[in-house]
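In what follows, a single structure is set out as structure tokens and then discussed.
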Amino acid sequence: MSKDSILKTFIVAFITCAVCSVFVSSAAVLLKPYQVMNQELFKNKNILMACGLMESGENLSPAEIQERFKKLQVVKFNFTTGEIAATGEDALRYDERTSAKTPGEMVKVDSSQFKPGIATRGKYGTAYYVTDETGKVKTVTIPIVGKGLWSVMYGFIALGGENLNTVERLSFYEQGETAGLGSEIENPEWTGKWQGKLAFNESGVPKIHVVKGAANPESSYEVDGISGATLTCNGVNGTVGYWLSEYQPLLKKLAEGEVKP
């Protein structure tokens with residue numbers, strides 16, 4: 001067959017594509033278990049950091065991560081009924097992100113004073129808590145998700161103190177906001193300003209929020225805004241407020257010692 005034949009060109013191209021497809025498909029199948037494992041480790045590392053059981057930048061092996069994770073208690077909470085659906089390993093197997101996109105498992109996000117910017121969520125939520133020597137809950141960490149200016153933001157907020165009303169930590173581990181502006185929600189210098197603020201007012205309504213400009217130093221609820229990122233900060237307010245309100249019944253149960261491992 002002539003080297004300039006159109007048919008030969010198509011045959012060579014087809015064979016090349018077929019061989020490459022086999023290699024790519026094989027690699028995807030073979031690497032899938034490692035991808036799942038790495039995703040799980042990444043999630044667990046962020047949970048540990050949010051719970052204060054791991055420092056940012058600390059280099060731990062997968063075995064060490066799993067060992068520290070054993071110090072956590074996990075609970076699965078039904079947002080609709082306010083009941084505990086599962087604890088321990090059963091609760092840990094629940095995936096909020098997958099459930100929020102699965103027909104039959106997802107629930108439409110009702111409009112309220114807090115607007116997280118997402119359309120659906122799972123029927124259940126998970127929370128991670130640490131107890132002291134007496135069994136009293138010291139800190140509770142809940143996952144949060146909401147829409148910023150450009151992206152969906154995923155993070156955690158940890159609460160402690162009296163009645164679990166004091167913010168211990170806030171962290172975002174996945175977002176796609178404007179670099180140097182909205183992306184500053186991941187900056188430890190900014191997230192550190194949430195520490196020590198009160199999450200709820202006396203009536204149990206989420207009150208903590210980001211203000212435009214500098215926060216009132218005498219306020220227990222205000223956090224400094226990020227210059228040039230007003231819409232992202234609005235998204236943070238809606239996200240934090242919404243999930244605090246959804247988890248408030250569970251936080252009350254934990255604070256009163258009604259949840260047992």
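Naming scheme: A, B, ... for chains in displayed order of the structure tokens; residues 1 onward per chain; ligands 1 onward as shown.
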DSSP on the backbone, alpha helix (DSSP H) only: what residues of segment 4-252 of chain A does that give? Format it as a PyMOL selection string. chain A and resi 6-51+62-69+88-92+96-99+188-191+230-252
Which of segment 10-252 of chain A fall in strand (DSSP E), as a VMD selection string: chain A and resid 73 to 78 84 to 87 106 to 108 120 to 122 124 to 131 137 to 147 152 to 160 166 to 174 209 to 210 222 to 223
Quick one: of A:Ile144, A:Val29, A:Val109, A:Val22, who's nearest to Ala50 of chain A, counting only C-alpha atoms?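 Of all the options, A:Ile144 lies closest to Ala50 of chain A.
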Residues at most 7 Å from Lys197 of chain A, counting only C-alpha atoms, excluding those fewer than 5 positions away in the same chain, as a PyMOL selection string? chain A and resi 166-167+220-221
Show which residues sit within 12 Å of Gly135 of chain A, as a list in words. Count only C-alpha atoms, and ignore same-chain residues fewer than 6 positions away.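 In the requested format, the answer is Gln73, Tyr129, Leu254, Ala255, Glu256, Gly257, Glu258, Val259, Lys260 and Pro261 of chain A.
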Produce a file of the selected residues containing all heavy atoms, as a short mmCIF file (atom, residue, chain, number, x, y, z; two decimals), in the first residue's frame.
data_model
loop_
_atom_site.label_atom_id
_atom_site.label_comp_id
_atom_site.auth_asym_id
_atom_site.auth_seq_id
_atom_site.Cartn_x
_atom_site.Cartn_y
_atom_site.Cartn_z
N GLN A 73 -15.14 10.18 67.63
CA GLN A 73 -16.45 9.54 67.61
C GLN A 73 -17.21 10.12 66.41
O GLN A 73 -17.11 11.32 66.14
CB GLN A 73 -17.21 9.81 68.90
CG GLN A 73 -16.51 9.37 70.17
CD GLN A 73 -16.41 7.87 70.30
OE1 GLN A 73 -17.10 7.13 69.61
NE2 GLN A 73 -15.51 7.41 71.15
N TYR A 129 -16.73 14.09 66.77
CA TYR A 129 -16.52 14.76 68.05
C TYR A 129 -15.47 14.06 68.90
O TYR A 129 -15.20 12.87 68.75
CB TYR A 129 -17.84 14.92 68.81
CG TYR A 129 -18.53 13.64 69.23
CD1 TYR A 129 -18.35 13.11 70.51
CD2 TYR A 129 -19.39 12.96 68.37
CE1 TYR A 129 -18.99 11.96 70.91
CE2 TYR A 129 -20.04 11.80 68.76
CZ TYR A 129 -19.84 11.31 70.04
OH TYR A 129 -20.48 10.15 70.43
N LEU A 254 -25.56 16.69 71.73
CA LEU A 254 -24.20 16.39 72.13
C LEU A 254 -23.80 17.17 73.38
O LEU A 254 -23.15 16.64 74.29
CB LEU A 254 -23.23 16.70 70.99
CG LEU A 254 -23.29 15.74 69.79
CD1 LEU A 254 -22.51 16.32 68.61
CD2 LEU A 254 -22.74 14.37 70.17
N ALA A 255 -24.19 18.44 73.42
CA ALA A 255 -23.85 19.28 74.57
C ALA A 255 -24.52 18.78 75.85
O ALA A 255 -23.96 18.88 76.95
CB ALA A 255 -24.26 20.73 74.30
N GLU A 256 -25.70 18.20 75.71
CA GLU A 256 -26.45 17.71 76.87
C GLU A 256 -26.15 16.25 77.18
O GLU A 256 -26.76 15.65 78.08
CB GLU A 256 -27.95 17.91 76.64
CG GLU A 256 -28.34 19.39 76.54
CD GLU A 256 -29.81 19.59 76.20
OE1 GLU A 256 -30.49 18.57 75.91
OE2 GLU A 256 -30.27 20.74 76.22
N GLY A 257 -25.24 15.65 76.43
CA GLY A 257 -24.83 14.28 76.70
C GLY A 257 -25.85 13.23 76.29
O GLY A 257 -25.84 12.10 76.84
N GLU A 258 -26.72 13.55 75.35
CA GLU A 258 -27.75 12.60 74.93
C GLU A 258 -27.25 11.59 73.91
O GLU A 258 -27.92 10.58 73.65
CB GLU A 258 -28.95 13.35 74.33
CG GLU A 258 -29.67 14.24 75.33
CD GLU A 258 -30.87 14.92 74.70
OE1 GLU A 258 -31.36 14.43 73.67
OE2 GLU A 258 -31.33 15.96 75.24
N VAL A 259 -26.09 11.84 73.31
CA VAL A 259 -25.54 10.94 72.29
C VAL A 259 -24.44 10.11 72.91
O VAL A 259 -23.49 10.63 73.48
CB VAL A 259 -25.00 11.72 71.08
CG1 VAL A 259 -24.44 10.77 70.03
CG2 VAL A 259 -26.09 12.59 70.48
N LYS A 260 -24.58 8.80 72.78
CA LYS A 260 -23.56 7.89 73.30
C LYS A 260 -22.85 7.18 72.16
O LYS A 260 -23.47 6.83 71.15
CB LYS A 260 -24.22 6.83 74.21
CG LYS A 260 -24.98 7.43 75.38
CD LYS A 260 -24.08 8.27 76.28
CE LYS A 260 -24.88 8.87 77.44
NZ LYS A 260 -24.03 9.73 78.28
N PRO A 261 -21.53 6.96 72.27
CA PRO A 261 -20.77 6.28 71.21
C PRO A 261 -21.36 4.89 70.92
O PRO A 261 -21.86 4.24 71.81
CB PRO A 261 -19.37 6.18 71.79
CG PRO A 261 -19.31 7.25 72.85
CD PRO A 261 -20.68 7.35 73.40
#
Using only C-alpha atoms, tabulate the residues of segment 135-182 of chain A lying at most 12 Å from any atom of segment 90-100 of chain A, each with its closest atom pair and that distance in Å to one decimal, by chain and increasing residue number, as a Markdown table.
| residue | atom | partner | partner_atom | distance |
| --- | --- | --- | --- | --- |
| A:Ile142 | CA | A:Glu96 | CA | 11.3 |
| A:Pro143 | CA | A:Glu96 | CA | 8.9 |
| A:Ile144 | CA | A:Glu96 | CA | 10.1 |
| A:Val145 | CA | A:Arg97 | CA | 9.1 |
| A:Gly146 | CA | A:Arg97 | CA | 11.7 |
| A:Val152 | CA | A:Arg97 | CA | 11.5 |
| A:Met153 | CA | A:Arg97 | CA | 11.9 |
| A:Tyr154 | CA | A:Arg97 | CA | 9.8 |
| A:Gly155 | CA | A:Arg97 | CA | 12.0 |
Would you mind exporting C-alpha atoms of the selected residues as a tab-separated table (two decimals), in the first residue's frame?
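Wrote again28.tsv, looks like this:
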chain	number	residue	atom	x	y	z
A	142	ILE	CA	-19.31	19.40	61.09
A	143	PRO	CA	-18.83	19.48	57.30
A	144	ILE	CA	-20.02	22.55	55.41
A	145	VAL	CA	-20.60	23.07	51.69
A	146	GLY	CA	-21.87	26.08	49.77
A	152	VAL	CA	-18.62	25.16	45.40
A	153	MET	CA	-16.69	25.47	48.66
A	154	TYR	CA	-16.10	22.48	50.94
A	155	GLY	CA	-14.87	22.77	54.49
From the options A:Ser61, A:Thr126, A:Asn46, A:Thr87, which residue's atoms come nearest to Glu174 of chain A, counting only C-alpha atoms? A:Asn46
Residues near Thr191 of chain A, anyone? I mean within 10 Å using only C-alpha atoms, not counting same-chain ones fewer than 6 positions away, as a list in words.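 The neighbour list is Arg169, Leu170, Ser171, Phe172, Glu184, Ile185, Val223 and Asp224 of chain A.
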Dump N, CA and C atoms for the selected residues as a short mmCIF file (atom, residue, chain, number, x, y, z; two decimals), in the first residue's frame?
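Writing done, so here's again.cif:
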data_model
loop_
_atom_site.label_atom_id
_atom_site.label_comp_id
_atom_site.auth_asym_id
_atom_site.auth_seq_id
_atom_site.Cartn_x
_atom_site.Cartn_y
_atom_site.Cartn_z
N ARG A 169 -12.29 26.15 65.19
CA ARG A 169 -11.57 26.22 63.91
C ARG A 169 -12.56 26.29 62.76
N LEU A 170 -12.13 26.97 61.70
CA LEU A 170 -12.84 26.95 60.43
C LEU A 170 -11.81 26.66 59.35
N SER A 171 -12.14 25.77 58.42
CA SER A 171 -11.19 25.46 57.35
C SER A 171 -11.96 25.12 56.08
N PHE A 172 -11.39 25.56 54.96
CA PHE A 172 -11.88 25.16 53.64
C PHE A 172 -10.77 24.39 52.95
N GLU A 184 -8.63 33.51 49.56
CA GLU A 184 -8.09 33.78 50.90
C GLU A 184 -8.91 33.12 52.00
N ILE A 185 -10.06 32.53 51.65
CA ILE A 185 -10.83 31.80 52.67
C ILE A 185 -10.06 30.59 53.18
N VAL A 223 -16.68 38.75 61.99
CA VAL A 223 -15.37 38.36 61.49
C VAL A 223 -14.99 39.33 60.37
N ASP A 224 -13.72 39.72 60.33
CA ASP A 224 -13.23 40.63 59.28
C ASP A 224 -13.56 40.10 57.89
#
Report as a count of residues only all protein, DNA and RNA residues lying within 12 Å of Asn234 of chain A, evaluated on only C-alpha atoms, omitting residues in the same chain fewer than 5 positions from it. 21
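Using only C-alpha atoms for every distance, the candidate list A:Val107, A:Lys71, A:Ala215, A:Asn78 yields A:Lys71 as the residue closest to Asp132 of chain A.
One finds atom CA of Val137 of chain A at 10.3 Å from atom CA of Lys253 of chain A.
Across A:Glu58, A:Asp110, A:Leu250, A:Leu164, the tightest approach to Ile84 of chain A is made by A:Leu250 when counting only C-alpha atoms.
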Selection: 7 Å around Thr141 of chain A, only C-alpha atoms, excl. self and same-chain fewer than 6 positions, as a PyMOL selection string: chain A and resi 50-51+127-129+156-159
Take the selection from the previous step and output its residues with all heavy atoms, as a PDB file, in the first residue's frame.
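Done, and the output landed in again12.pdb:
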ATOM      1  N   ALA A  50      -9.282  19.712  61.248  1.00  0.00           N
ATOM      2  CA  ALA A  50     -10.418  20.497  61.738  1.00  0.00           C
ATOM      3  C   ALA A  50     -10.724  20.173  63.195  1.00  0.00           C
ATOM      4  O   ALA A  50     -11.141  21.043  63.967  1.00  0.00           O
ATOM      5  CB  ALA A  50     -11.641  20.224  60.874  1.00  0.00           C
ATOM      6  N   CYS A  51     -10.494  18.921  63.583  1.00  0.00           N
ATOM      7  CA  CYS A  51     -10.768  18.501  64.957  1.00  0.00           C
ATOM      8  C   CYS A  51      -9.620  18.828  65.907  1.00  0.00           C
ATOM      9  O   CYS A  51      -9.722  18.582  67.115  1.00  0.00           O
ATOM     10  CB  CYS A  51     -11.038  17.000  65.003  1.00  0.00           C
ATOM     11  SG  CYS A  51     -12.547  16.482  64.164  1.00  0.00           S
ATOM     12  N   ALA A 127     -21.166  14.067  61.843  1.00  0.00           N
ATOM     13  CA  ALA A 127     -20.416  14.963  62.717  1.00  0.00           C
ATOM     14  C   ALA A 127     -19.359  14.147  63.431  1.00  0.00           C
ATOM     15  O   ALA A 127     -19.543  12.954  63.708  1.00  0.00           O
ATOM     16  CB  ALA A 127     -21.343  15.636  63.728  1.00  0.00           C
ATOM     17  N   TYR A 128     -18.236  14.791  63.724  1.00  0.00           N
ATOM     18  CA  TYR A 128     -17.103  14.130  64.359  1.00  0.00           C
ATOM     19  C   TYR A 128     -16.826  14.841  65.680  1.00  0.00           C
ATOM     20  O   TYR A 128     -16.710  16.071  65.714  1.00  0.00           O
ATOM     21  CB  TYR A 128     -15.875  14.204  63.454  1.00  0.00           C
ATOM     22  CG  TYR A 128     -16.147  13.730  62.039  1.00  0.00           C
ATOM     23  CD1 TYR A 128     -16.670  14.615  61.092  1.00  0.00           C
ATOM     24  CD2 TYR A 128     -15.915  12.422  61.657  1.00  0.00           C
ATOM     25  CE1 TYR A 128     -16.946  14.196  59.798  1.00  0.00           C
ATOM     26  CE2 TYR A 128     -16.177  11.995  60.370  1.00  0.00           C
ATOM     27  CZ  TYR A 128     -16.699  12.883  59.441  1.00  0.00           C
ATOM     28  OH  TYR A 128     -16.970  12.463  58.170  1.00  0.00           O
ATOM     29  N   TYR A 129     -16.727  14.086  66.770  1.00  0.00           N
ATOM     30  CA  TYR A 129     -16.524  14.761  68.055  1.00  0.00           C
ATOM     31  C   TYR A 129     -15.474  14.058  68.901  1.00  0.00           C
ATOM     32  O   TYR A 129     -15.205  12.869  68.745  1.00  0.00           O
ATOM     33  CB  TYR A 129     -17.842  14.917  68.811  1.00  0.00           C
ATOM     34  CG  TYR A 129     -18.530  13.637  69.231  1.00  0.00           C
ATOM     35  CD1 TYR A 129     -18.354  13.111  70.512  1.00  0.00           C
ATOM     36  CD2 TYR A 129     -19.390  12.965  68.367  1.00  0.00           C
ATOM     37  CE1 TYR A 129     -18.990  11.961  70.913  1.00  0.00           C
ATOM     38  CE2 TYR A 129     -20.042  11.802  68.760  1.00  0.00           C
ATOM     39  CZ  TYR A 129     -19.842  11.306  70.040  1.00  0.00           C
ATOM     40  OH  TYR A 129     -20.480  10.154  70.432  1.00  0.00           O
ATOM     41  N   PHE A 156     -14.893  22.559  56.889  1.00  0.00           N
ATOM     42  CA  PHE A 156     -15.346  22.079  58.192  1.00  0.00           C
ATOM     43  C   PHE A 156     -15.356  23.252  59.166  1.00  0.00           C
ATOM     44  O   PHE A 156     -14.544  24.179  59.055  1.00  0.00           O
ATOM     45  CB  PHE A 156     -14.407  21.000  58.742  1.00  0.00           C
ATOM     46  CG  PHE A 156     -14.388  19.726  57.946  1.00  0.00           C
ATOM     47  CD1 PHE A 156     -13.359  19.483  57.045  1.00  0.00           C
ATOM     48  CD2 PHE A 156     -15.379  18.771  58.107  1.00  0.00           C
ATOM     49  CE1 PHE A 156     -13.328  18.312  56.312  1.00  0.00           C
ATOM     50  CE2 PHE A 156     -15.359  17.604  57.369  1.00  0.00           C
ATOM     51  CZ  PHE A 156     -14.339  17.368  56.468  1.00  0.00           C
ATOM     52  N   ILE A 157     -16.252  23.175  60.134  1.00  0.00           N
ATOM     53  CA  ILE A 157     -16.235  24.137  61.237  1.00  0.00           C
ATOM     54  C   ILE A 157     -16.316  23.336  62.532  1.00  0.00           C
ATOM     55  O   ILE A 157     -17.114  22.401  62.648  1.00  0.00           O
ATOM     56  CB  ILE A 157     -17.389  25.165  61.141  1.00  0.00           C
ATOM     57  CG1 ILE A 157     -17.236  26.228  62.241  1.00  0.00           C
ATOM     58  CG2 ILE A 157     -18.757  24.509  61.173  1.00  0.00           C
ATOM     59  CD1 ILE A 157     -18.144  27.438  62.054  1.00  0.00           C
ATOM     60  N   ALA A 158     -15.427  23.661  63.462  1.00  0.00           N
ATOM     61  CA  ALA A 158     -15.353  22.952  64.737  1.00  0.00           C
ATOM     62  C   ALA A 158     -15.834  23.860  65.858  1.00  0.00           C
ATOM     63  O   ALA A 158     -15.463  25.040  65.911  1.00  0.00           O
ATOM     64  CB  ALA A 158     -13.922  22.492  65.013  1.00  0.00           C
ATOM     65  N   LEU A 159     -16.655  23.312  66.747  1.00  0.00           N
ATOM     66  CA  LEU A 159     -17.239  24.071  67.841  1.00  0.00           C
ATOM     67  C   LEU A 159     -16.890  23.420  69.172  1.00  0.00           C
ATOM     68  O   LEU A 159     -16.807  22.194  69.276  1.00  0.00           O
ATOM     69  CB  LEU A 159     -18.769  24.138  67.698  1.00  0.00           C
ATOM     70  CG  LEU A 159     -19.300  24.708  66.380  1.00  0.00           C
ATOM     71  CD1 LEU A 159     -20.789  24.479  66.265  1.00  0.00           C
ATOM     72  CD2 LEU A 159     -18.982  26.184  66.272  1.00  0.00           C
TER      73      LEU A 159
END
Which of A:Gly122, A:Asn38, A:Glu177, A:Ser227 sits closest to Trp190 of chain A [using only C-alpha atoms]: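 Checking each candidate against Trp190 of chain A, we get A:Ser227 as the closest.
Using only C-alpha atoms for every distance, the candidate list A:Val236, A:Ala179, A:Val205, A:Leu251 yields A:Leu251 as the residue closest to Val140 of chain A.
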